[in-house]
file protein38.cif (mmCIF, C-alpha atoms)
data_protein
#
loop_
_atom_site.label_atom_id
_atom_site.label_comp_id
_atom_site.auth_asym_id
_atom_site.auth_seq_id
_atom_site.Cartn_x
_atom_site.Cartn_y
_atom_site.Cartn_z
CA PRO L 284 90.25 23.38 -272.67
CA LYS L 285 88.42 23.80 -269.39
CA GLN L 286 85.42 21.84 -270.67
CA LEU L 287 87.50 18.69 -271.08
CA CYS L 288 88.93 18.81 -267.56
CA GLY L 289 85.85 19.36 -265.46
CA GLY L 290 83.26 16.86 -264.27
CA SER L 291 80.23 18.98 -265.11
CA ARG L 292 77.36 18.15 -267.43
CA THR L 293 78.38 21.24 -269.35
CA ALA L 294 81.49 19.41 -270.55
CA LEU L 295 82.11 19.41 -274.28
CA ARG L 296 79.74 17.00 -276.04
CA TRP L 297 82.03 15.51 -278.62
CA ARG L 298 82.76 11.87 -279.40
CA PRO L 299 85.34 10.96 -282.05
CA HIS L 300 83.77 8.45 -284.43
CA PHE L 301 86.81 6.18 -284.24
CA LEU L 302 86.07 5.41 -280.58
CA GLU L 303 83.05 3.47 -281.80
CA ASN L 304 84.24 2.23 -285.18
CA GLY L 305 88.04 2.24 -285.36
CA HIS L 306 88.79 -1.12 -283.75
CA ARG L 307 91.07 -3.95 -284.79
CA PHE L 308 89.56 -7.16 -286.11
CA PRO L 309 89.54 -9.20 -282.83
CA ALA L 310 87.87 -6.31 -281.02
CA ARG L 311 85.34 -5.80 -283.83
CA LEU L 312 84.47 -9.50 -283.73
CA PHE L 313 84.02 -9.43 -279.95
CA VAL L 314 81.83 -6.32 -280.07
CA ARG L 315 79.65 -7.77 -282.81
CA MET L 316 79.15 -11.08 -280.97
CA ALA L 317 78.45 -9.38 -277.65
CA GLN L 318 75.89 -7.04 -279.19
CA LEU L 319 74.10 -9.93 -280.88
CA LEU L 320 74.03 -11.89 -277.62
CA LEU L 321 72.99 -9.03 -275.34
CA ARG L 322 70.80 -7.20 -277.87
CA GLN L 323 72.30 -3.96 -276.67
CA ARG L 324 74.94 -1.59 -277.98
CA MET L 325 78.38 -2.13 -276.46
CA ASP L 326 78.95 0.40 -273.72
CA ASN L 327 81.25 3.33 -274.35
CA VAL L 328 83.84 2.39 -271.72
CA VAL L 329 84.61 -0.87 -273.51
CA LEU L 330 84.51 0.71 -276.96
CA THR L 331 87.01 3.35 -275.88
CA CYS L 332 89.27 0.78 -274.22
CA LEU L 333 89.33 -1.36 -277.36
CA HIS L 334 90.56 1.57 -279.44
CA ARG L 335 94.37 1.67 -279.21
CA PRO L 336 94.28 -0.78 -276.26
CA GLU L 337 98.01 -0.44 -275.66
CA PHE L 338 97.46 3.25 -274.80
CA TRP L 339 94.61 2.97 -272.27
CA GLY L 340 92.61 -0.24 -272.54
CA ARG L 341 95.22 -2.70 -271.27
CA PRO L 342 96.32 -0.64 -268.26
CA PHE L 343 92.71 0.18 -267.40
CA PHE L 344 91.46 -3.42 -267.61
CA LYS L 345 94.39 -4.55 -265.52
CA LEU L 346 93.72 -1.96 -262.83
CA ILE L 347 89.93 -1.88 -262.55
CA PRO L 348 89.37 -5.55 -261.61
CA GLU L 349 92.07 -5.25 -258.94
CA VAL L 350 90.58 -2.05 -257.52
CA LEU L 351 86.88 -2.98 -257.62
CA ARG L 352 86.99 -6.77 -257.31
CA GLY L 353 90.36 -7.67 -255.79
CA PRO L 354 91.06 -8.39 -252.10
CA SER L 355 90.25 -5.36 -249.97
CA TYR L 356 89.07 -4.21 -246.56
CA TRP L 357 86.03 -2.90 -248.45
CA THR L 358 83.37 -5.23 -249.80
CA VAL L 359 82.54 -5.22 -253.50
CA GLY L 360 79.28 -3.42 -252.74
CA GLU L 361 81.05 -0.72 -250.74
CA ARG L 362 83.51 -0.09 -253.54
CA GLU L 363 80.68 0.16 -256.04
CA TYR L 364 79.03 2.67 -253.74
CA MET L 365 82.26 4.70 -253.69
CA ALA L 366 82.13 4.73 -257.50
CA LEU L 367 78.52 5.95 -257.35
CA PHE L 368 79.42 8.56 -254.73
CA VAL L 369 82.37 10.03 -256.64
CA SER L 370 80.36 10.03 -259.89
CA ARG L 371 77.61 12.00 -258.17
CA LEU L 372 80.13 14.53 -256.85
CA ASN L 373 81.51 14.96 -260.39
CA ASP L 374 78.01 15.29 -261.89
CA CYS L 375 78.62 12.40 -264.29
CA PRO L 376 75.25 10.94 -265.40
CA PHE L 377 76.79 8.05 -267.35
CA CYS L 378 78.82 6.62 -264.46
CA LEU L 379 76.20 7.50 -261.86
CA ARG L 380 73.52 5.50 -263.65
CA ALA L 381 75.79 2.51 -264.18
CA HIS L 382 77.17 2.35 -260.65
CA THR L 383 73.83 2.96 -259.01
CA GLU L 384 72.73 -0.26 -260.68
CA THR L 385 75.94 -2.18 -259.91
CA THR L 386 75.62 -1.06 -256.28
CA ARG L 387 72.08 -2.43 -256.16
CA ILE L 388 73.33 -5.77 -257.44
CA GLU L 389 76.43 -6.07 -255.28
CA THR L 390 75.47 -4.62 -251.89
CA HIS L 391 73.45 -7.50 -250.40
CA GLY L 392 71.91 -5.03 -247.94
CA GLU L 393 75.18 -3.59 -246.57
CA VAL L 394 74.62 -0.26 -248.35
CA ALA L 395 71.27 1.07 -249.55
CA VAL L 396 71.52 3.22 -252.65
CA ASP L 397 68.56 5.33 -251.56
CA ASP L 398 69.49 5.37 -247.86
CA PRO L 399 73.21 6.01 -247.35
CA SER L 400 72.74 5.90 -243.57
CA VAL L 401 72.65 2.10 -243.92
CA MET L 402 76.43 1.64 -243.96
CA ARG L 403 79.20 1.00 -241.47
CA HIS L 404 80.76 4.06 -239.89
CA GLU L 405 84.17 3.36 -241.44
CA LEU L 406 82.64 3.78 -244.90
CA VAL L 407 80.98 7.04 -243.85
CA ALA L 408 84.38 8.29 -242.68
CA VAL L 409 86.20 7.41 -245.87
CA LEU L 410 83.43 8.94 -248.01
CA THR L 411 84.08 12.23 -246.22
CA LEU L 412 87.74 11.92 -247.18
CA LEU L 413 86.86 11.14 -250.82
CA GLU L 414 84.48 14.09 -250.98
CA ARG L 415 87.10 16.47 -249.64
CA LEU L 416 89.73 15.28 -252.10
CA THR L 417 87.32 15.43 -255.04
CA THR L 418 85.67 18.78 -254.37
CA ASP L 419 88.47 20.72 -252.62
CA PRO L 420 91.80 19.00 -253.41
CA ASP L 421 93.92 22.06 -252.66
CA ALA L 422 92.69 22.05 -249.07
CA PHE L 423 93.15 18.30 -248.59
CA GLY L 424 95.84 17.32 -246.10
CA PRO L 425 96.95 15.10 -243.19
CA PRO L 426 94.00 16.09 -240.96
CA ASP L 427 91.60 14.52 -243.47
CA VAL L 428 93.51 11.24 -243.35
CA ASP L 429 93.79 11.42 -239.56
CA ALA L 430 90.00 11.79 -239.26
CA ALA L 431 89.50 8.56 -241.23
CA ARG L 432 92.09 6.79 -239.07
CA GLU L 433 90.37 7.98 -235.89
CA ALA L 434 87.13 6.47 -237.21
CA GLY L 435 88.88 3.10 -237.38
CA VAL L 436 89.75 2.97 -241.09
CA PRO L 437 93.07 1.11 -241.59
CA ASP L 438 95.74 2.73 -243.75
CA GLY L 439 95.44 -0.02 -246.36
CA ALA L 440 91.70 0.63 -246.62
CA ILE L 441 92.36 4.34 -247.14
CA VAL L 442 94.72 3.47 -249.99
CA ASP L 443 92.12 1.16 -251.54
CA ALA L 444 89.50 3.91 -251.38
CA LEU L 445 91.91 6.36 -252.99
CA HIS L 446 92.38 3.91 -255.86
CA VAL L 447 88.61 3.92 -256.45
CA LEU L 448 88.70 7.71 -256.30
CA PHE L 449 91.51 7.84 -258.87
CA LEU L 450 89.63 5.58 -261.29
CA PHE L 451 86.40 7.52 -261.17
CA ASN L 452 87.82 11.01 -261.16
CA THR L 453 89.42 9.85 -264.42
CA LEU L 454 86.41 8.00 -265.85
CA ASN L 455 83.90 10.73 -264.95
CA ARG L 456 85.89 13.30 -266.89
CA MET L 457 86.24 11.00 -269.88
CA ALA L 458 82.53 10.18 -269.82
CA ASN L 459 81.51 13.83 -269.73
CA ALA L 460 84.07 14.96 -272.30
CA PHE L 461 83.26 12.20 -274.81
CA ALA L 462 79.49 12.29 -274.16
CA TRP L 463 79.23 8.64 -273.17
CA ASP L 464 75.60 7.70 -272.74
CA TRP L 465 73.05 4.91 -272.32
CA ASP L 466 70.22 4.12 -274.69
CA SER L 467 67.69 3.14 -272.00
CA GLU L 468 67.32 1.86 -268.45
CA GLU L 469 67.40 -1.65 -269.90
CA HIS L 470 70.80 -0.86 -271.44
CA VAL L 471 72.09 0.17 -267.99
CA GLU L 472 70.64 -2.91 -266.30
CA VAL L 473 72.14 -5.28 -268.87
CA ALA L 474 75.56 -3.63 -268.55
CA ALA L 475 75.45 -3.91 -264.74
CA LYS L 476 74.54 -7.59 -264.93
CA VAL L 477 77.44 -8.20 -267.32
CA ILE L 478 79.83 -6.40 -264.96
CA HIS L 479 78.57 -8.65 -262.14
CA ARG L 480 79.20 -11.77 -264.21
CA ILE L 481 82.61 -10.90 -265.66
CA SER L 482 83.97 -8.77 -262.77
CA TYR L 483 85.35 -6.14 -265.16
CA ARG L 484 87.48 -8.66 -267.09
CA LEU L 485 87.54 -8.71 -270.89
CA PRO L 486 88.88 -11.61 -272.98
CA SER L 487 92.58 -11.00 -273.46
CA PHE L 488 92.38 -11.31 -277.27
CA THR L 489 90.21 -8.20 -277.47
CA LEU L 490 93.03 -6.00 -276.12
CA ARG L 491 95.76 -7.11 -278.53
#

call {"tool": "encode", "arguments": {"input": "protein38.cif", "output": "structure tokens"}}
result
Amino acid sequence: PKQLCGGSRTALRWRPHFLENGHRFPARLFVRMAQLLLRQRMDNVVLTCLHRPEFWGRPFFKLIPEVLRGPSYWTVGEREYMALFVSRLNDCPFCLRAHTETTRIETHGEVAVDDPSVMRHELVAVLTLLERLTTDPDAFGPPDVDAAREAGVPDGAIVDALHVLFLFNTLNRMANAFAWDWDSEEHVEVAAKVIHRISYRLPSFTLR
């Protein structure tokens, strides 16, 4: 259905109960311990990944640390800002709130969440490319890539940015379709601090 494919807030608000409760014993143990320690509900991304981890969780938690925390032309803060930017384009409140906070933590002044003019011109150029590909993919073509190159963005950096785009065009749609949400601003802040500490890596036993 169209509602499941789009990135709009009007997406179908439906969350299968098994995404929160249908986990194997190691995952249930991990979730319970984490919730007791953090005093917050486990976030929906992790809960969904831990359900049938062989289907989505393992590939996702292999890819996301490489894309957002691995070696790259882009700093960690810049990649978090790309996640924020794409989530805003897709009108995804869940991801936008989370990655606004992770951007605040990771930027160290190189990007200001509330003042996007405070960024290097290469990032501005690649954001234009990401916006074009997200909002008008049928019109995207070599001239869009050439414009980023002319702004001084290396080809490898363009590929890295496209990986961030791929992740969040996927996650935004999942978040909107499954009605992922946050309980409070404190819940968002705690999740962002955990992401900072663990760099998107879960204990391997949770994904068995």

call {"tool": "residues_around", "arguments": {"input": "protein38.cif", "residues": "region 378-395 of chain L", "least_positions_apart": "3", "cutoff": "10 Å", "atoms": "all atoms listed in the file", "output": "PyMOL selection string"}}
result
chain L and resi 328+358-375+398-403+406+451+454-455+458-459+463-465+468+470-479

call {"tool": "write_last_selection", "arguments": {"input": "protein38.cif", "atoms": "C-alpha atoms", "output": "mmCIF file, keeping the file's coordinate frame"}}
result
data_model
loop_
_atom_site.group_PDB
_atom_site.id
_atom_site.type_symbol
_atom_site.label_atom_id
_atom_site.label_comp_id
_atom_site.auth_asym_id
_atom_site.auth_seq_id
_atom_site.Cartn_x
_atom_site.Cartn_y
_atom_site.Cartn_z
ATOM 1 C CA VAL L 328 83.840 2.390 -271.720
ATOM 2 C CA THR L 358 83.370 -5.230 -249.800
ATOM 3 C CA VAL L 359 82.540 -5.220 -253.500
ATOM 4 C CA GLY L 360 79.280 -3.420 -252.740
ATOM 5 C CA GLU L 361 81.050 -0.720 -250.740
ATOM 6 C CA ARG L 362 83.510 -0.090 -253.540
ATOM 7 C CA GLU L 363 80.680 0.160 -256.040
ATOM 8 C CA TYR L 364 79.030 2.670 -253.740
ATOM 9 C CA MET L 365 82.260 4.700 -253.690
ATOM 10 C CA ALA L 366 82.130 4.730 -257.500
ATOM 11 C CA LEU L 367 78.520 5.950 -257.350
ATOM 12 C CA PHE L 368 79.420 8.560 -254.730
ATOM 13 C CA VAL L 369 82.370 10.030 -256.640
ATOM 14 C CA SER L 370 80.360 10.030 -259.890
ATOM 15 C CA ARG L 371 77.610 12.000 -258.170
ATOM 16 C CA LEU L 372 80.130 14.530 -256.850
ATOM 17 C CA ASN L 373 81.510 14.960 -260.390
ATOM 18 C CA ASP L 374 78.010 15.290 -261.890
ATOM 19 C CA CYS L 375 78.620 12.400 -264.290
ATOM 20 C CA ASP L 398 69.490 5.370 -247.860
ATOM 21 C CA PRO L 399 73.210 6.010 -247.350
ATOM 22 C CA SER L 400 72.740 5.900 -243.570
ATOM 23 C CA VAL L 401 72.650 2.100 -243.920
ATOM 24 C CA MET L 402 76.430 1.640 -243.960
ATOM 25 C CA ARG L 403 79.200 1.000 -241.470
ATOM 26 C CA LEU L 406 82.640 3.780 -244.900
ATOM 27 C CA PHE L 451 86.400 7.520 -261.170
ATOM 28 C CA LEU L 454 86.410 8.000 -265.850
ATOM 29 C CA ASN L 455 83.900 10.730 -264.950
ATOM 30 C CA ALA L 458 82.530 10.180 -269.820
ATOM 31 C CA ASN L 459 81.510 13.830 -269.730
ATOM 32 C CA TRP L 463 79.230 8.640 -273.170
ATOM 33 C CA ASP L 464 75.600 7.700 -272.740
ATOM 34 C CA TRP L 465 73.050 4.910 -272.320
ATOM 35 C CA GLU L 468 67.320 1.860 -268.450
ATOM 36 C CA HIS L 470 70.800 -0.860 -271.440
ATOM 37 C CA VAL L 471 72.090 0.170 -267.990
ATOM 38 C CA GLU L 472 70.640 -2.910 -266.300
ATOM 39 C CA VAL L 473 72.140 -5.280 -268.870
ATOM 40 C CA ALA L 474 75.560 -3.630 -268.550
ATOM 41 C CA ALA L 475 75.450 -3.910 -264.740
ATOM 42 C CA LYS L 476 74.540 -7.590 -264.930
ATOM 43 C CA VAL L 477 77.440 -8.200 -267.320
ATOM 44 C CA ILE L 478 79.830 -6.400 -264.960
ATOM 45 C CA HIS L 479 78.570 -8.650 -262.140
#

call {"tool": "atom_distance", "arguments": {"input": "protein38.cif", "atom1": "CA of Ala444 (chain L)", "atom2": "CA of Leu416 (chain L)"}}
result
11.4 Å

call {"tool": "atom_distance", "arguments": {"input": "protein38.cif", "atom1": "CA of His446 (chain L)", "atom2": "CA of Ser487 (chain L)"}}
result
23.1 Å

call {"tool": "closest_residue", "arguments": {"input": "protein38.cif", "among": "L:Thr331, L:Thr417, L:Gln323, L:Ser482", "to": "Gly353 (chain L)", "atoms": "all atoms listed in the file"}}
result
L:Ser482

call {"tool": "residues_around", "arguments": {"input": "protein38.cif", "residues": "Gly340 (chain L)", "least_positions_apart": "6", "cutoff": "9 Å", "atoms": "all atoms listed in the file", "output": "ChimeraX atom specification"}}
result
/L:329,331-334,490

call {"tool": "write_last_selection", "arguments": {"input": "protein38.cif", "atoms": "C-alpha atoms", "output": "compact mmCIF listing (two decimals), keeping the file's coordinate frame"}}
result
# COMPACT_ATOMS: atom_id res chain seq x y z
CA VAL L 329 84.61 -0.87 -273.51
CA THR L 331 87.01 3.35 -275.88
CA CYS L 332 89.27 0.78 -274.22
CA LEU L 333 89.33 -1.36 -277.36
CA HIS L 334 90.56 1.57 -279.44
CA LEU L 490 93.03 -6.00 -276.12

call {"tool": "atom_distance", "arguments": {"input": "protein38.cif", "atom1": "CA of Glu469 (chain L)", "atom2": "CA of Pro342 (chain L)"}}
result
29.0 Å

call {"tool": "build_atoms", "arguments": {"input": "protein38.cif", "residues": "region 355-391 of chain L", "atoms": "N, CA and C atoms", "output": "compact mmCIF listing (two decimals), in the frame of the given file"}}
result
# COMPACT_ATOMS: atom_id res chain seq x y z
N SER L 355 90.30 -6.70 -250.54
CA SER L 355 90.25 -5.36 -249.97
C SER L 355 89.54 -5.40 -248.62
N TYR L 356 89.83 -4.43 -247.79
CA TYR L 356 89.07 -4.21 -246.56
C TYR L 356 87.61 -3.92 -246.89
N TRP L 357 87.39 -3.28 -248.04
CA TRP L 357 86.03 -2.90 -248.45
C TRP L 357 85.38 -4.02 -249.23
N THR L 358 84.10 -4.24 -249.01
CA THR L 358 83.37 -5.23 -249.80
C THR L 358 83.20 -4.71 -251.24
N VAL L 359 82.82 -5.61 -252.12
CA VAL L 359 82.54 -5.22 -253.50
C VAL L 359 81.43 -4.16 -253.54
N GLY L 360 80.38 -4.37 -252.76
CA GLY L 360 79.28 -3.42 -252.74
C GLY L 360 79.71 -2.05 -252.25
N GLU L 361 80.58 -2.01 -251.24
CA GLU L 361 81.05 -0.72 -250.74
C GLU L 361 81.89 0.01 -251.77
N ARG L 362 82.70 -0.73 -252.50
CA ARG L 362 83.51 -0.09 -253.54
C ARG L 362 82.65 0.42 -254.69
N GLU L 363 81.60 -0.33 -255.03
CA GLU L 363 80.68 0.16 -256.04
C GLU L 363 79.96 1.42 -255.56
N TYR L 364 79.65 1.46 -254.27
CA TYR L 364 79.03 2.67 -253.74
C TYR L 364 79.99 3.85 -253.80
N MET L 365 81.27 3.62 -253.53
CA MET L 365 82.26 4.70 -253.69
C MET L 365 82.26 5.22 -255.12
N ALA L 366 82.19 4.31 -256.09
CA ALA L 366 82.13 4.73 -257.50
C ALA L 366 80.90 5.58 -257.76
N LEU L 367 79.76 5.17 -257.23
CA LEU L 367 78.52 5.95 -257.35
C LEU L 367 78.70 7.31 -256.70
N PHE L 368 79.27 7.34 -255.52
CA PHE L 368 79.42 8.56 -254.73
C PHE L 368 80.30 9.59 -255.45
N VAL L 369 81.45 9.13 -255.94
CA VAL L 369 82.37 10.03 -256.64
C VAL L 369 81.73 10.52 -257.95
N SER L 370 81.01 9.64 -258.64
CA SER L 370 80.36 10.03 -259.89
C SER L 370 79.28 11.08 -259.65
N ARG L 371 78.60 10.98 -258.51
CA ARG L 371 77.61 12.00 -258.17
C ARG L 371 78.29 13.33 -257.87
N LEU L 372 79.40 13.30 -257.16
CA LEU L 372 80.13 14.53 -256.85
C LEU L 372 80.60 15.22 -258.13
N ASN L 373 80.99 14.42 -259.13
CA ASN L 373 81.51 14.96 -260.39
C ASN L 373 80.40 15.24 -261.41
N ASP L 374 79.15 15.01 -261.00
CA ASP L 374 78.01 15.29 -261.89
C ASP L 374 78.19 14.55 -263.22
N CYS L 375 78.40 13.24 -263.11
CA CYS L 375 78.62 12.40 -264.29
C CYS L 375 77.43 11.45 -264.46
N PRO L 376 76.45 11.78 -265.28
CA PRO L 376 75.25 10.94 -265.40
C PRO L 376 75.56 9.52 -265.88
N PHE L 377 76.49 9.36 -266.81
CA PHE L 377 76.79 8.05 -267.35
C PHE L 377 77.26 7.10 -266.25
N CYS L 378 78.28 7.49 -265.51
CA CYS L 378 78.82 6.62 -264.46
C CYS L 378 77.86 6.49 -263.28
N LEU L 379 77.15 7.56 -262.98
CA LEU L 379 76.20 7.50 -261.86
C LEU L 379 75.12 6.48 -262.12
N ARG L 380 74.57 6.47 -263.33
CA ARG L 380 73.52 5.50 -263.65
C ARG L 380 74.06 4.08 -263.59
N ALA L 381 75.23 3.86 -264.15
CA ALA L 381 75.79 2.51 -264.18
C ALA L 381 76.10 2.00 -262.78
N HIS L 382 76.71 2.84 -261.96
CA HIS L 382 77.17 2.35 -260.65
C HIS L 382 76.10 2.43 -259.58
N THR L 383 75.01 3.13 -259.85
CA THR L 383 73.83 2.96 -259.01
C THR L 383 73.29 1.55 -259.18
N GLU L 384 73.25 1.09 -260.42
CA GLU L 384 72.73 -0.26 -260.68
C GLU L 384 73.69 -1.34 -260.19
N THR L 385 75.00 -1.17 -260.41
CA THR L 385 75.94 -2.18 -259.91
C THR L 385 75.92 -2.22 -258.38
N THR L 386 75.72 -1.07 -257.75
CA THR L 386 75.62 -1.06 -256.28
C THR L 386 74.40 -1.84 -255.82
N ARG L 387 73.28 -1.67 -256.52
CA ARG L 387 72.08 -2.43 -256.16
C ARG L 387 72.33 -3.93 -256.23
N ILE L 388 73.07 -4.35 -257.25
CA ILE L 388 73.33 -5.77 -257.44
C ILE L 388 74.30 -6.31 -256.39
N GLU L 389 75.32 -5.54 -256.07
CA GLU L 389 76.43 -6.07 -255.28
C GLU L 389 76.33 -5.84 -253.77
N THR L 390 75.41 -5.00 -253.30
CA THR L 390 75.47 -4.62 -251.89
C THR L 390 74.97 -5.68 -250.91
N HIS L 391 74.00 -6.48 -251.30
CA HIS L 391 73.45 -7.50 -250.40
C HIS L 391 72.98 -6.89 -249.07
